[in-house]
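S.K.: This is upload.pdb (PDB, C-alpha atoms and all ligand atoms).
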```pdb
ATOM      1  CA  MET A 663     -49.738 301.651  -6.942  1.00  0.00           C
ATOM      2  CA  PRO A 664     -52.286 300.080  -9.333  1.00  0.00           C
ATOM      3  CA  VAL A 665     -51.990 301.037 -12.957  1.00  0.00           C
ATOM      4  CA  MET A 666     -54.276 303.859 -14.095  1.00  0.00           C
ATOM      5  CA  ILE A 667     -56.736 303.346 -16.942  1.00  0.00           C
ATOM      6  CA  ALA A 668     -57.393 306.228 -19.334  1.00  0.00           C
ATOM      7  CA  PRO A 669     -60.044 305.242 -21.881  1.00  0.00           C
ATOM      8  CA  SER A 670     -59.587 307.035 -25.206  1.00  0.00           C
ATOM      9  CA  ILE A 671     -62.846 308.582 -26.368  1.00  0.00           C
ATOM     10  CA  LEU A 672     -61.630 308.224 -29.957  1.00  0.00           C
ATOM     11  CA  SER A 673     -63.426 304.866 -29.960  1.00  0.00           C
ATOM     12  CA  ALA A 674     -66.616 306.242 -28.369  1.00  0.00           C
ATOM     13  CA  ASP A 675     -69.874 306.762 -30.256  1.00  0.00           C
ATOM     14  CA  PHE A 676     -69.504 310.451 -31.156  1.00  0.00           C
ATOM     15  CA  SER A 677     -73.250 310.826 -31.716  1.00  0.00           C
ATOM     16  CA  ARG A 678     -73.618 310.269 -27.940  1.00  0.00           C
ATOM     17  CA  LEU A 679     -70.290 311.624 -26.739  1.00  0.00           C
ATOM     18  CA  GLY A 680     -71.537 313.113 -23.445  1.00  0.00           C
ATOM     19  CA  ASP A 681     -73.221 309.828 -22.467  1.00  0.00           C
ATOM     20  CA  GLU A 682     -70.096 307.875 -23.416  1.00  0.00           C
ATOM     21  CA  VAL A 683     -67.867 310.080 -21.237  1.00  0.00           C
ATOM     22  CA  ARG A 684     -70.322 309.697 -18.348  1.00  0.00           C
ATOM     23  CA  ALA A 685     -70.357 305.927 -18.886  1.00  0.00           C
ATOM     24  CA  ILE A 686     -66.567 305.515 -18.679  1.00  0.00           C
ATOM     25  CA  ASP A 687     -66.442 307.828 -15.669  1.00  0.00           C
ATOM     26  CA  GLU A 688     -69.022 305.643 -13.874  1.00  0.00           C
ATOM     27  CA  ALA A 689     -67.242 302.490 -15.094  1.00  0.00           C
ATOM     28  CA  GLY A 690     -64.127 303.450 -13.109  1.00  0.00           C
ATOM     29  CA  ALA A 691     -61.862 305.294 -15.561  1.00  0.00           C
ATOM     30  CA  ASP A 692     -59.036 307.092 -13.756  1.00  0.00           C
ATOM     31  CA  MET A 693     -58.683 309.711 -16.491  1.00  0.00           C
ATOM     32  CA  ILE A 694     -60.474 310.635 -19.717  1.00  0.00           C
ATOM     33  CA  HIS A 695     -58.033 310.468 -22.660  1.00  0.00           C
ATOM     34  CA  VAL A 696     -58.865 312.959 -25.409  1.00  0.00           C
ATOM     35  CA  ASP A 697     -57.120 312.568 -28.785  1.00  0.00           C
ATOM     36  CA  VAL A 698     -56.886 315.828 -30.700  1.00  0.00           C
ATOM     37  CA  MET A 699     -55.894 315.458 -34.377  1.00  0.00           C
ATOM     38  CA  ASP A 700     -55.499 318.129 -37.028  1.00  0.00           C
ATOM     39  CA  GLY A 701     -55.354 316.292 -40.376  1.00  0.00           C
ATOM     40  CA  HIS A 702     -51.787 317.573 -40.783  1.00  0.00           C
ATOM     41  CA  PHE A 703     -49.573 316.200 -38.002  1.00  0.00           C
ATOM     42  CA  VAL A 704     -51.567 312.964 -38.327  1.00  0.00           C
ATOM     43  CA  PRO A 705     -53.811 311.788 -41.173  1.00  0.00           C
ATOM     44  CA  ASN A 706     -57.074 312.134 -39.269  1.00  0.00           C
ATOM     45  CA  MET A 707     -59.184 314.894 -37.693  1.00  0.00           C
ATOM     46  CA  THR A 708     -61.060 314.752 -34.421  1.00  0.00           C
ATOM     47  CA  ILE A 709     -62.168 317.399 -31.995  1.00  0.00           C
ATOM     48  CA  GLY A 710     -61.285 320.894 -30.861  1.00  0.00           C
ATOM     49  CA  PRO A 711     -61.506 322.933 -27.660  1.00  0.00           C
ATOM     50  CA  LEU A 712     -65.263 323.567 -27.985  1.00  0.00           C
ATOM     51  CA  VAL A 713     -66.014 319.866 -27.702  1.00  0.00           C
ATOM     52  CA  VAL A 714     -63.566 319.458 -24.815  1.00  0.00           C
ATOM     53  CA  LYS A 715     -65.277 322.345 -23.022  1.00  0.00           C
ATOM     54  CA  SER A 716     -68.658 320.757 -23.504  1.00  0.00           C
ATOM     55  CA  ILE A 717     -67.760 317.225 -22.335  1.00  0.00           C
ATOM     56  CA  ARG A 718     -65.820 318.749 -19.427  1.00  0.00           C
ATOM     57  CA  LYS A 719     -69.218 319.353 -17.779  1.00  0.00           C
ATOM     58  CA  VAL A 720     -69.970 315.632 -17.762  1.00  0.00           C
ATOM     59  CA  SER A 721     -67.016 314.306 -15.732  1.00  0.00           C
ATOM     60  CA  ALA A 722     -64.833 315.545 -12.892  1.00  0.00           C
ATOM     61  CA  LYS A 723     -62.106 312.978 -13.702  1.00  0.00           C
ATOM     62  CA  PRO A 724     -58.792 314.401 -14.970  1.00  0.00           C
ATOM     63  CA  PHE A 725     -58.836 315.164 -18.696  1.00  0.00           C
ATOM     64  CA  ASP A 726     -55.672 313.749 -20.261  1.00  0.00           C
ATOM     65  CA  VAL A 727     -55.447 315.677 -23.533  1.00  0.00           C
ATOM     66  CA  HIS A 728     -53.149 314.234 -26.201  1.00  0.00           C
ATOM     67  CA  LEU A 729     -52.434 316.903 -28.810  1.00  0.00           C
ATOM     68  CA  MET A 730     -51.489 315.601 -32.255  1.00  0.00           C
ATOM     69  CA  ILE A 731     -51.465 319.030 -33.879  1.00  0.00           C
ATOM     70  CA  GLU A 732     -48.746 321.107 -35.439  1.00  0.00           C
ATOM     71  CA  PRO A 733     -47.847 323.876 -34.764  1.00  0.00           C
ATOM     72  CA  VAL A 734     -49.078 323.170 -31.255  1.00  0.00           C
ATOM     73  CA  ASP A 735     -48.259 326.334 -29.259  1.00  0.00           C
ATOM     74  CA  LEU A 736     -51.167 328.360 -30.586  1.00  0.00           C
ATOM     75  CA  PHE A 737     -53.659 325.808 -29.300  1.00  0.00           C
ATOM     76  CA  ILE A 738     -52.227 325.050 -25.864  1.00  0.00           C
ATOM     77  CA  PRO A 739     -54.021 327.997 -24.171  1.00  0.00           C
ATOM     78  CA  LEU A 740     -57.297 327.056 -25.859  1.00  0.00           C
ATOM     79  CA  PHE A 741     -57.235 323.485 -24.522  1.00  0.00           C
ATOM     80  CA  ALA A 742     -56.127 324.705 -21.098  1.00  0.00           C
ATOM     81  CA  GLU A 743     -59.069 327.096 -21.065  1.00  0.00           C
ATOM     82  CA  ALA A 744     -61.410 324.325 -22.272  1.00  0.00           C
ATOM     83  CA  GLY A 745     -60.630 322.275 -19.154  1.00  0.00           C
ATOM     84  CA  ALA A 746     -57.649 320.004 -19.876  1.00  0.00           C
ATOM     85  CA  ASP A 747     -55.794 318.859 -16.740  1.00  0.00           C
ATOM     86  CA  ILE A 748     -52.796 317.232 -18.439  1.00  0.00           C
ATOM     87  CA  ILE A 749     -51.628 318.450 -21.843  1.00  0.00           C
ATOM     88  CA  THR A 750     -49.307 316.138 -23.765  1.00  0.00           C
ATOM     89  CA  ILE A 751     -47.436 317.252 -26.851  1.00  0.00           C
ATOM     90  CA  HIS A 752     -45.156 315.648 -29.445  1.00  0.00           C
ATOM     91  CA  PRO A 753     -41.613 317.078 -29.781  1.00  0.00           C
ATOM     92  CA  GLU A 754     -42.078 317.232 -33.580  1.00  0.00           C
ATOM     93  CA  ALA A 755     -45.061 319.576 -33.193  1.00  0.00           C
ATOM     94  CA  GLY A 756     -43.093 322.729 -32.538  1.00  0.00           C
ATOM     95  CA  PRO A 757     -39.598 324.196 -32.706  1.00  0.00           C
ATOM     96  CA  HIS A 758     -39.024 324.577 -28.934  1.00  0.00           C
ATOM     97  CA  LEU A 759     -40.159 321.644 -26.791  1.00  0.00           C
ATOM     98  CA  HIS A 760     -38.930 323.178 -23.538  1.00  0.00           C
ATOM     99  CA  ARG A 761     -40.706 326.463 -24.254  1.00  0.00           C
ATOM    100  CA  SER A 762     -43.989 324.681 -25.087  1.00  0.00           C
ATOM    101  CA  LEU A 763     -43.798 322.697 -21.838  1.00  0.00           C
ATOM    102  CA  GLN A 764     -43.210 325.904 -19.856  1.00  0.00           C
ATOM    103  CA  LEU A 765     -46.255 327.400 -21.552  1.00  0.00           C
ATOM    104  CA  ILE A 766     -48.417 324.465 -20.394  1.00  0.00           C
ATOM    105  CA  LYS A 767     -47.056 324.798 -16.841  1.00  0.00           C
ATOM    106  CA  SER A 768     -47.587 328.557 -16.817  1.00  0.00           C
ATOM    107  CA  LEU A 769     -51.283 327.875 -17.445  1.00  0.00           C
ATOM    108  CA  GLY A 770     -51.434 325.739 -14.295  1.00  0.00           C
ATOM    109  CA  LYS A 771     -51.637 322.418 -16.133  1.00  0.00           C
ATOM    110  CA  LYS A 772     -49.574 319.234 -15.951  1.00  0.00           C
ATOM    111  CA  CYS A 773     -47.439 318.600 -19.008  1.00  0.00           C
ATOM    112  CA  GLY A 774     -46.450 315.488 -20.918  1.00  0.00           C
ATOM    113  CA  VAL A 775     -44.274 314.479 -23.852  1.00  0.00           C
ATOM    114  CA  ALA A 776     -45.501 311.895 -26.379  1.00  0.00           C
ATOM    115  CA  LEU A 777     -43.008 309.874 -28.384  1.00  0.00           C
ATOM    116  CA  ASN A 778     -43.934 308.235 -31.689  1.00  0.00           C
ATOM    117  CA  PRO A 779     -42.667 304.678 -32.224  1.00  0.00           C
ATOM    118  CA  ALA A 780     -39.529 305.889 -34.054  1.00  0.00           C
ATOM    119  CA  THR A 781     -38.790 309.036 -32.020  1.00  0.00           C
ATOM    120  CA  PRO A 782     -35.558 308.721 -29.973  1.00  0.00           C
ATOM    121  CA  LEU A 783     -35.934 308.439 -26.197  1.00  0.00           C
ATOM    122  CA  SER A 784     -32.964 310.785 -25.821  1.00  0.00           C
ATOM    123  CA  LEU A 785     -35.276 313.733 -26.621  1.00  0.00           C
ATOM    124  CA  LEU A 786     -36.651 313.308 -23.116  1.00  0.00           C
ATOM    125  CA  GLU A 787     -33.346 313.856 -21.332  1.00  0.00           C
ATOM    126  CA  PRO A 788     -33.294 317.692 -21.317  1.00  0.00           C
ATOM    127  CA  VAL A 789     -36.894 317.913 -20.055  1.00  0.00           C
ATOM    128  CA  MET A 790     -37.044 315.123 -17.466  1.00  0.00           C
ATOM    129  CA  GLY A 791     -36.987 317.755 -14.734  1.00  0.00           C
ATOM    130  CA  ASP A 792     -40.013 319.533 -16.203  1.00  0.00           C
ATOM    131  CA  ILE A 793     -42.531 316.893 -17.161  1.00  0.00           C
ATOM    132  CA  ASP A 794     -45.324 315.092 -15.321  1.00  0.00           C
ATOM    133  CA  LEU A 795     -45.969 312.368 -17.911  1.00  0.00           C
ATOM    134  CA  VAL A 796     -44.283 310.486 -20.741  1.00  0.00           C
ATOM    135  CA  LEU A 797     -46.553 308.927 -23.334  1.00  0.00           C
ATOM    136  CA  ILE A 798     -45.082 306.116 -25.401  1.00  0.00           C
ATOM    137  CA  MET A 799     -47.035 305.619 -28.620  1.00  0.00           C
ATOM    138  CA  SER A 800     -47.193 301.895 -29.270  1.00  0.00           C
ATOM    139  CA  VAL A 801     -48.870 302.463 -32.648  1.00  0.00           C
ATOM    140  CA  ASN A 802     -48.313 305.235 -35.157  1.00  0.00           C
ATOM    141  CA  PRO A 803     -50.631 308.062 -34.128  1.00  0.00           C
ATOM    142  CA  GLY A 804     -53.814 308.876 -35.999  1.00  0.00           C
ATOM    143  CA  PHE A 805     -56.252 306.035 -35.467  1.00  0.00           C
ATOM    144  CA  GLY A 806     -57.746 303.756 -32.861  1.00  0.00           C
ATOM    145  CA  GLY A 807     -57.864 300.001 -33.242  1.00  0.00           C
ATOM    146  CA  GLN A 808     -54.322 299.482 -34.576  1.00  0.00           C
ATOM    147  CA  LYS A 809     -51.992 296.626 -33.694  1.00  0.00           C
ATOM    148  CA  PHE A 810     -49.463 297.072 -30.872  1.00  0.00           C
ATOM    149  CA  ILE A 811     -45.865 297.444 -32.160  1.00  0.00           C
ATOM    150  CA  PRO A 812     -43.788 294.952 -30.100  1.00  0.00           C
ATOM    151  CA  SER A 813     -40.543 296.962 -30.361  1.00  0.00           C
ATOM    152  CA  GLN A 814     -42.129 299.507 -28.008  1.00  0.00           C
ATOM    153  CA  LEU A 815     -41.794 297.174 -25.010  1.00  0.00           C
ATOM    154  CA  ASP A 816     -38.044 297.804 -24.734  1.00  0.00           C
ATOM    155  CA  ARG A 817     -38.668 301.523 -25.063  1.00  0.00           C
ATOM    156  CA  ILE A 818     -41.234 301.443 -22.251  1.00  0.00           C
ATOM    157  CA  ALA A 819     -38.629 299.718 -20.062  1.00  0.00           C
ATOM    158  CA  GLY A 820     -36.056 302.312 -21.131  1.00  0.00           C
ATOM    159  CA  VAL A 821     -38.302 305.202 -20.112  1.00  0.00           C
ATOM    160  CA  ALA A 822     -39.119 303.448 -16.825  1.00  0.00           C
ATOM    161  CA  SER A 823     -35.370 303.414 -16.056  1.00  0.00           C
ATOM    162  CA  MET A 824     -35.028 307.091 -16.997  1.00  0.00           C
ATOM    163  CA  ILE A 825     -37.916 307.988 -14.694  1.00  0.00           C
ATOM    164  CA  LYS A 826     -36.408 305.968 -11.845  1.00  0.00           C
ATOM    165  CA  ALA A 827     -33.050 307.652 -12.330  1.00  0.00           C
ATOM    166  CA  SER A 828     -34.712 311.091 -12.295  1.00  0.00           C
ATOM    167  CA  GLY A 829     -36.179 310.439  -8.847  1.00  0.00           C
ATOM    168  CA  ARG A 830     -39.279 312.312  -9.989  1.00  0.00           C
ATOM    169  CA  ASP A 831     -42.917 311.235  -9.922  1.00  0.00           C
ATOM    170  CA  ILE A 832     -43.584 310.945 -13.663  1.00  0.00           C
ATOM    171  CA  VAL A 833     -46.471 308.939 -15.120  1.00  0.00           C
ATOM    172  CA  LEU A 834     -45.427 306.430 -17.799  1.00  0.00           C
ATOM    173  CA  GLU A 835     -48.394 306.164 -20.126  1.00  0.00           C
ATOM    174  CA  VAL A 836     -48.661 303.729 -23.023  1.00  0.00           C
ATOM    175  CA  ASP A 837     -51.035 304.479 -25.870  1.00  0.00           C
ATOM    176  CA  GLY A 838     -52.082 302.236 -28.751  1.00  0.00           C
ATOM    177  CA  GLY A 839     -53.082 298.603 -29.123  1.00  0.00           C
ATOM    178  CA  VAL A 840     -53.379 298.003 -25.385  1.00  0.00           C
ATOM    179  CA  ASN A 841     -55.839 295.118 -24.992  1.00  0.00           C
ATOM    180  CA  ALA A 842     -56.295 291.717 -23.320  1.00  0.00           C
ATOM    181  CA  GLU A 843     -53.389 290.240 -25.306  1.00  0.00           C
ATOM    182  CA  THR A 844     -50.832 293.015 -24.795  1.00  0.00           C
ATOM    183  CA  VAL A 845     -51.650 294.556 -21.414  1.00  0.00           C
ATOM    184  CA  LYS A 846     -49.609 292.162 -19.279  1.00  0.00           C
ATOM    185  CA  SER A 847     -46.342 292.783 -21.114  1.00  0.00           C
ATOM    186  CA  VAL A 848     -46.973 296.549 -21.180  1.00  0.00           C
ATOM    187  CA  VAL A 849     -47.404 296.674 -17.400  1.00  0.00           C
ATOM    188  CA  GLU A 850     -44.435 294.355 -16.842  1.00  0.00           C
ATOM    189  CA  ALA A 851     -42.306 296.708 -18.944  1.00  0.00           C
ATOM    190  CA  GLY A 852     -43.151 299.521 -16.522  1.00  0.00           C
ATOM    191  CA  ALA A 853     -46.288 301.358 -17.694  1.00  0.00           C
ATOM    192  CA  THR A 854     -48.172 303.148 -14.913  1.00  0.00           C
ATOM    193  CA  SER A 855     -51.051 304.448 -17.058  1.00  0.00           C
ATOM    194  CA  LEU A 856     -52.779 302.653 -19.913  1.00  0.00           C
ATOM    195  CA  VAL A 857     -54.682 304.404 -22.682  1.00  0.00           C
ATOM    196  CA  ALA A 858     -57.217 302.107 -24.305  1.00  0.00           C
ATOM    197  CA  GLY A 859     -59.834 303.002 -26.878  1.00  0.00           C
ATOM    198  CA  SER A 860     -61.089 299.944 -28.711  1.00  0.00           C
ATOM    199  CA  ALA A 861     -60.513 297.622 -25.730  1.00  0.00           C
ATOM    200  CA  VAL A 862     -62.780 299.733 -23.489  1.00  0.00           C
ATOM    201  CA  PHE A 863     -65.473 300.859 -25.938  1.00  0.00           C
ATOM    202  CA  THR A 864     -66.506 297.384 -26.924  1.00  0.00           C
ATOM    203  CA  GLY A 865     -69.923 295.943 -26.171  1.00  0.00           C
ATOM    204  CA  ASP A 866     -72.411 298.372 -24.675  1.00  0.00           C
ATOM    205  CA  ALA A 867     -71.964 300.794 -21.789  1.00  0.00           C
ATOM    206  CA  ALA A 868     -72.790 298.016 -19.321  1.00  0.00           C
ATOM    207  CA  ASP A 869     -69.570 296.247 -20.381  1.00  0.00           C
ATOM    208  CA  TYR A 870     -67.203 299.201 -19.927  1.00  0.00           C
ATOM    209  CA  ALA A 871     -66.569 298.509 -16.229  1.00  0.00           C
ATOM    210  CA  ALA A 872     -65.621 294.896 -16.997  1.00  0.00           C
ATOM    211  CA  ASN A 873     -63.342 296.050 -19.824  1.00  0.00           C
ATOM    212  CA  ILE A 874     -61.605 298.545 -17.531  1.00  0.00           C
ATOM    213  CA  ASP A 875     -61.264 295.946 -14.748  1.00  0.00           C
ATOM    214  CA  MET A 876     -59.783 293.437 -17.188  1.00  0.00           C
ATOM    215  CA  LEU A 877     -57.055 295.950 -18.136  1.00  0.00           C
ATOM    216  CA  ARG A 878     -56.436 296.887 -14.511  1.00  0.00           C
ATOM    217  CA  ARG A 879     -55.996 293.212 -13.599  1.00  0.00           C
ATOM    218  CA  GLY A 880     -53.534 292.753 -16.477  1.00  0.00           C
ATOM    219  CA  GLY A 881     -55.678 290.842 -18.979  1.00  0.00           C
TER
HETATM  220  O1  LIG A 901     -53.519 308.525 -29.681  1.00  0.00           O
HETATM  221  C1  LIG A 901     -54.121 307.564 -30.146  1.00  0.00           C
HETATM  222  C2  LIG A 901     -54.113 307.292 -31.605  1.00  0.00           C
HETATM  223  O2  LIG A 901     -53.356 308.246 -32.248  1.00  0.00           O
HETATM  224  C3  LIG A 901     -54.782 306.646 -29.204  1.00  0.00           C
HETATM  225  O3  LIG A 901     -55.132 307.274 -28.000  1.00  0.00           O
HETATM  226  C4  LIG A 901     -55.831 305.698 -29.706  1.00  0.00           C
HETATM  227  O4  LIG A 901     -57.106 306.232 -29.634  1.00  0.00           O
HETATM  228  C5  LIG A 901     -55.803 304.413 -28.934  1.00  0.00           C
HETATM  229  O5  LIG A 901     -56.754 303.534 -29.470  1.00  0.00           O
HETATM  230  P1  LIG A 901     -56.632 301.946 -29.305  1.00  0.00           P
HETATM  231  O6  LIG A 901     -55.353 301.529 -29.986  1.00  0.00           O
HETATM  232  O7  LIG A 901     -56.602 301.658 -27.832  1.00  0.00           O
HETATM  233  O8  LIG A 901     -57.860 301.422 -29.972  1.00  0.00           O
HETATM  234 FE    FE A 902     -53.856 309.152 -27.588  1.00  0.00          FE
END
```
How does the structure come out when it is put into structure tokens?
M.R.:
Amino acid sequence: MPVMIAPSILSADFSRLGDEVRAIDEAGADMIHVDVMDGHFVPNMTIGPLVVKSIRKVSAKPFDVHLMIEPVDLFIPLFAEAGADIITIHPEAGPHLHRSLQLIKSLGKKCGVALNPATPLSLLEPVMGDIDLVLIMSVNPGFGGQKFIPSQLDRIAGVASMIKASGRDIVLEVDGGVNAETVKSVVEAGATSLVAGSAVFTGDAADYAANIDMLRRGG
């Protein structure tokens, strides 16, 4: 199956957010990646459920919502209600990862676990039977446009093996610093979904399709 491309709207022009979401939809994005930051779990702030609800009207593509907020449980129902399709959480963002994942599932949404560059892969083991997606952060979360951390390649391969061993259909998403230079090694390591902010939102809207195609072809 070809790798999926999930442009991160963190690198979009927020003064024209609706148009930017429409542009990546028309440019062939498989999912719309939404980075939610609280100024506490990560040193940056972005958007809340109201904005998600409003851009939801612009695209029918799956909304892949990456929550970088702590405590996270309180906000899961709000993003589900706002129109998220996949809700991905960090294990550090609450006391009970399994309970938070069940909450997402109980709301009829797909659930994912995001691992920071230094978070042990072993945290995934108890929830491999529950999740739809693993997100490997290949930069420290909080900002777009950072440099890919090469040590994450072995971790991507490690998660790919865990997914294979589980026999389940779990998306392996890689997020951070995915661009023309890094994409080939990320896909070779086993990624099945690529988040890309700065590599997609470069040039004007007319270039987005070419940027997405470049990533899909592997650089
Ligand atoms: O979750 C995050 C950052 O915390 C990402 O989704 C970034 O938005 C990816 O941006 P690029 O590294 O592709 O520019
Ligand atoms: Fe993200």
S.K.: Go through the chains and note each residue within 8 Å of ligand FE 902 (chain A), using all atoms listed in the file, then give the set as a list of chain:residue names.
M.R.: A:Ser670, A:His695, A:Val696, A:Asp697, A:Val698, A:Val727, A:His728, A:Leu729, A:Met799, A:Pro803, A:Asp837, A:Gly838, A:Val857
S.K.: What residues of the protein or nucleic acid chains come within 8 Å of ligand LIG 901 (chain A) when you use all atoms listed in the file? Reply as a PyMOL selection string.
M.R.: chain A and resi 669-673+695-697+699+704+728+730+799+801-810+837-841+857-862
S.K.: By how many Å are atom CA of Leu769 of chain A and atom CA of Arg718 of chain A apart?
M.R.: 17.3 Å
S.K.: Can you work out which one of A:Leu797, A:Arg678, A:Met790, A:Leu736 has the shortest atom-to-atom distance to Leu765 of chain A, counting all atoms listed in the file?
M.R.: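 Smallest distance to Leu765 of chain A is found for A:Leu736.
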S.K.: Calculated over all atoms listed in the file, which of the candidates A:Val714, A:Gly881, A:Asp687, A:Leu777 has the smallest distance to Lys846 of chain A?
M.R.: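 That would be A:Gly881, the residue with the smallest distance to Lys846 of chain A.
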S.K.: So, with all atoms listed in the file as the atoms that count, which of A:Asp866, A:Glu787, A:Leu795, A:Gly710 lies closest to Ile749 of chain A?
M.R.: A:Leu795
S.K.: What's the separation between atom CA of Ala685 of chain A and atom CA of Lys723 of chain A, in Å to one decimal place?
M.R.: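 Pair atom CA of Ala685 of chain A / atom CA of Lys723 of chain A returns 12.0 Å.
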S.K.: Tell me, as a PyMOL selection string, which residues lie within 12 Å of Val849 of chain A, counting all atoms listed in the file; anything in the same chain fewer than 3 positions away does not count.
M.R.: chain A and resi 663-667+815-816+818-819+822+834-836+840-846+852-857+877-881
S.K.: Just to be explicit: take each residue in the selection above, keep C-alpha atoms, and write the result as a CSV table (one decimal), keeping the file's coordinate frame.
M.R.:
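Ended up saving to selection-v5.csv:
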```csv
chain,number,residue,atom,x,y,z
A,663,MET,CA,-49.7,301.7,-6.9
A,664,PRO,CA,-52.3,300.1,-9.3
A,665,VAL,CA,-52.0,301.0,-13.0
A,666,MET,CA,-54.3,303.9,-14.1
A,667,ILE,CA,-56.7,303.3,-16.9
A,815,LEU,CA,-41.8,297.2,-25.0
A,816,ASP,CA,-38.0,297.8,-24.7
A,818,ILE,CA,-41.2,301.4,-22.3
A,819,ALA,CA,-38.6,299.7,-20.1
A,822,ALA,CA,-39.1,303.4,-16.8
A,834,LEU,CA,-45.4,306.4,-17.8
A,835,GLU,CA,-48.4,306.2,-20.1
A,836,VAL,CA,-48.7,303.7,-23.0
A,840,VAL,CA,-53.4,298.0,-25.4
A,841,ASN,CA,-55.8,295.1,-25.0
A,842,ALA,CA,-56.3,291.7,-23.3
A,843,GLU,CA,-53.4,290.2,-25.3
A,844,THR,CA,-50.8,293.0,-24.8
A,845,VAL,CA,-51.6,294.6,-21.4
A,846,LYS,CA,-49.6,292.2,-19.3
A,852,GLY,CA,-43.2,299.5,-16.5
A,853,ALA,CA,-46.3,301.4,-17.7
A,854,THR,CA,-48.2,303.1,-14.9
A,855,SER,CA,-51.1,304.4,-17.1
A,856,LEU,CA,-52.8,302.7,-19.9
A,857,VAL,CA,-54.7,304.4,-22.7
A,877,LEU,CA,-57.1,296.0,-18.1
A,878,ARG,CA,-56.4,296.9,-14.5
A,879,ARG,CA,-56.0,293.2,-13.6
A,880,GLY,CA,-53.5,292.8,-16.5
A,881,GLY,CA,-55.7,290.8,-19.0
```
S.K.: Can you tell me, as a list in words, which residues sit within 12 Å of (-40.6, 310.2, -33.4) in the file's frame, using all atoms listed in the file?
M.R.: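 The answer, in the requested form, is Phe703, Ile751, His752, Pro753, Glu754, Ala755, Val775, Ala776, Leu777, Asn778, Pro779, Ala780, Thr781, Pro782, Leu783, Ser784, Leu785, Leu786, Leu797, Ile798, Met799, Ser800, Val801, Asn802 and Pro803 of chain A.
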S.K.: I'd like the interatomic distance between atom CA of Arg684 of chain A and atom CA of Met876 of chain A, to a tenth of an Å.
M.R.: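 Here the two named atoms are 19.4 Å from each other.
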S.K.: Counting only C-alpha atoms, I want the residues whose atoms come within 8 Å of (-44.8, 310.0, -13.0) in the file frame, returned as a list of chain:residue names.
M.R.: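 Residues with an atom at most 8 Å from (-44.8, 310.0, -13.0): A:Asp794, A:Leu795, A:Val796, A:Ile825, A:Arg830, A:Asp831, A:Ile832, A:Val833, A:Leu834, A:Thr854.
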S.K.: Excluding same-chain residues fewer than 5 positions from Val720 of chain A, what lies within 12 Å of it counting only C-alpha atoms, as a ChimeraX atom specification?
M.R.: /A:679-688,694,713-715,725,745
S.K.: Using all atoms listed in the file, pick whichever of A:Thr708, A:Ser813, A:Ser677, A:Gln764 has the shortest atom-to-atom distance to Gly791 of chain A.
M.R.: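 Comparing A:Thr708, A:Ser813, A:Ser677, A:Gln764 against Gly791 of chain A, the winner is A:Gln764.
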S.K.: Would you kindly return, as a PyMOL selection string, each protein, DNA or RNA residue with an atom no farther than 7 Å from any atom of Val734 of chain A, considering all atoms listed in the file and excluding same-chain residues fewer than 3 positions away?
M.R.: chain A and resi 731+737-738+755-756
S.K.: Which neighbours of Pro788 of chain A fall inside 10 Å, counting all atoms listed in the file, when residues of the same chain fewer than 4 positions from it are skipped, and could you give them as a count of residues only?
M.R.: 4
S.K.: Please return segment 708-719 of chain A, rebuilt to N, CA and C atoms, as a PDB file, in the coordinates of the input.
M.R.:
```pdb
ATOM      1  N   THR A 708     -60.097 315.116 -35.469  1.00  0.00           N
ATOM      2  CA  THR A 708     -61.060 314.752 -34.421  1.00  0.00           C
ATOM      3  C   THR A 708     -61.745 315.984 -33.864  1.00  0.00           C
ATOM      4  N   ILE A 709     -61.367 316.375 -32.673  1.00  0.00           N
ATOM      5  CA  ILE A 709     -62.168 317.399 -31.995  1.00  0.00           C
ATOM      6  C   ILE A 709     -61.307 318.575 -31.570  1.00  0.00           C
ATOM      7  N   GLY A 710     -61.983 319.684 -31.283  1.00  0.00           N
ATOM      8  CA  GLY A 710     -61.285 320.894 -30.861  1.00  0.00           C
ATOM      9  C   GLY A 710     -61.706 321.310 -29.457  1.00  0.00           C
ATOM     10  N   PRO A 711     -61.251 322.490 -29.036  1.00  0.00           N
ATOM     11  CA  PRO A 711     -61.506 322.933 -27.660  1.00  0.00           C
ATOM     12  C   PRO A 711     -62.988 323.070 -27.312  1.00  0.00           C
ATOM     13  N   LEU A 712     -63.829 323.401 -28.286  1.00  0.00           N
ATOM     14  CA  LEU A 712     -65.263 323.567 -27.985  1.00  0.00           C
ATOM     15  C   LEU A 712     -65.877 322.265 -27.478  1.00  0.00           C
ATOM     16  N   VAL A 713     -65.478 321.162 -28.107  1.00  0.00           N
ATOM     17  CA  VAL A 713     -66.014 319.866 -27.702  1.00  0.00           C
ATOM     18  C   VAL A 713     -65.453 319.483 -26.334  1.00  0.00           C
ATOM     19  N   VAL A 714     -64.160 319.760 -26.131  1.00  0.00           N
ATOM     20  CA  VAL A 714     -63.566 319.458 -24.815  1.00  0.00           C
ATOM     21  C   VAL A 714     -64.308 320.238 -23.728  1.00  0.00           C
ATOM     22  N   LYS A 715     -64.573 321.509 -24.009  1.00  0.00           N
ATOM     23  CA  LYS A 715     -65.277 322.345 -23.022  1.00  0.00           C
ATOM     24  C   LYS A 715     -66.655 321.760 -22.709  1.00  0.00           C
ATOM     25  N   SER A 716     -67.310 321.249 -23.731  1.00  0.00           N
ATOM     26  CA  SER A 716     -68.658 320.757 -23.504  1.00  0.00           C
ATOM     27  C   SER A 716     -68.670 319.421 -22.768  1.00  0.00           C
ATOM     28  N   ILE A 717     -67.752 318.496 -23.082  1.00  0.00           N
ATOM     29  CA  ILE A 717     -67.760 317.225 -22.335  1.00  0.00           C
ATOM     30  C   ILE A 717     -67.143 317.384 -20.944  1.00  0.00           C
ATOM     31  N   ARG A 718     -66.403 318.457 -20.747  1.00  0.00           N
ATOM     32  CA  ARG A 718     -65.820 318.749 -19.427  1.00  0.00           C
ATOM     33  C   ARG A 718     -66.896 318.790 -18.340  1.00  0.00           C
ATOM     34  N   LYS A 719     -68.119 319.205 -18.755  1.00  0.00           N
ATOM     35  CA  LYS A 719     -69.218 319.353 -17.779  1.00  0.00           C
ATOM     36  C   LYS A 719     -69.720 317.998 -17.293  1.00  0.00           C
TER      37      LYS A 719
END
```
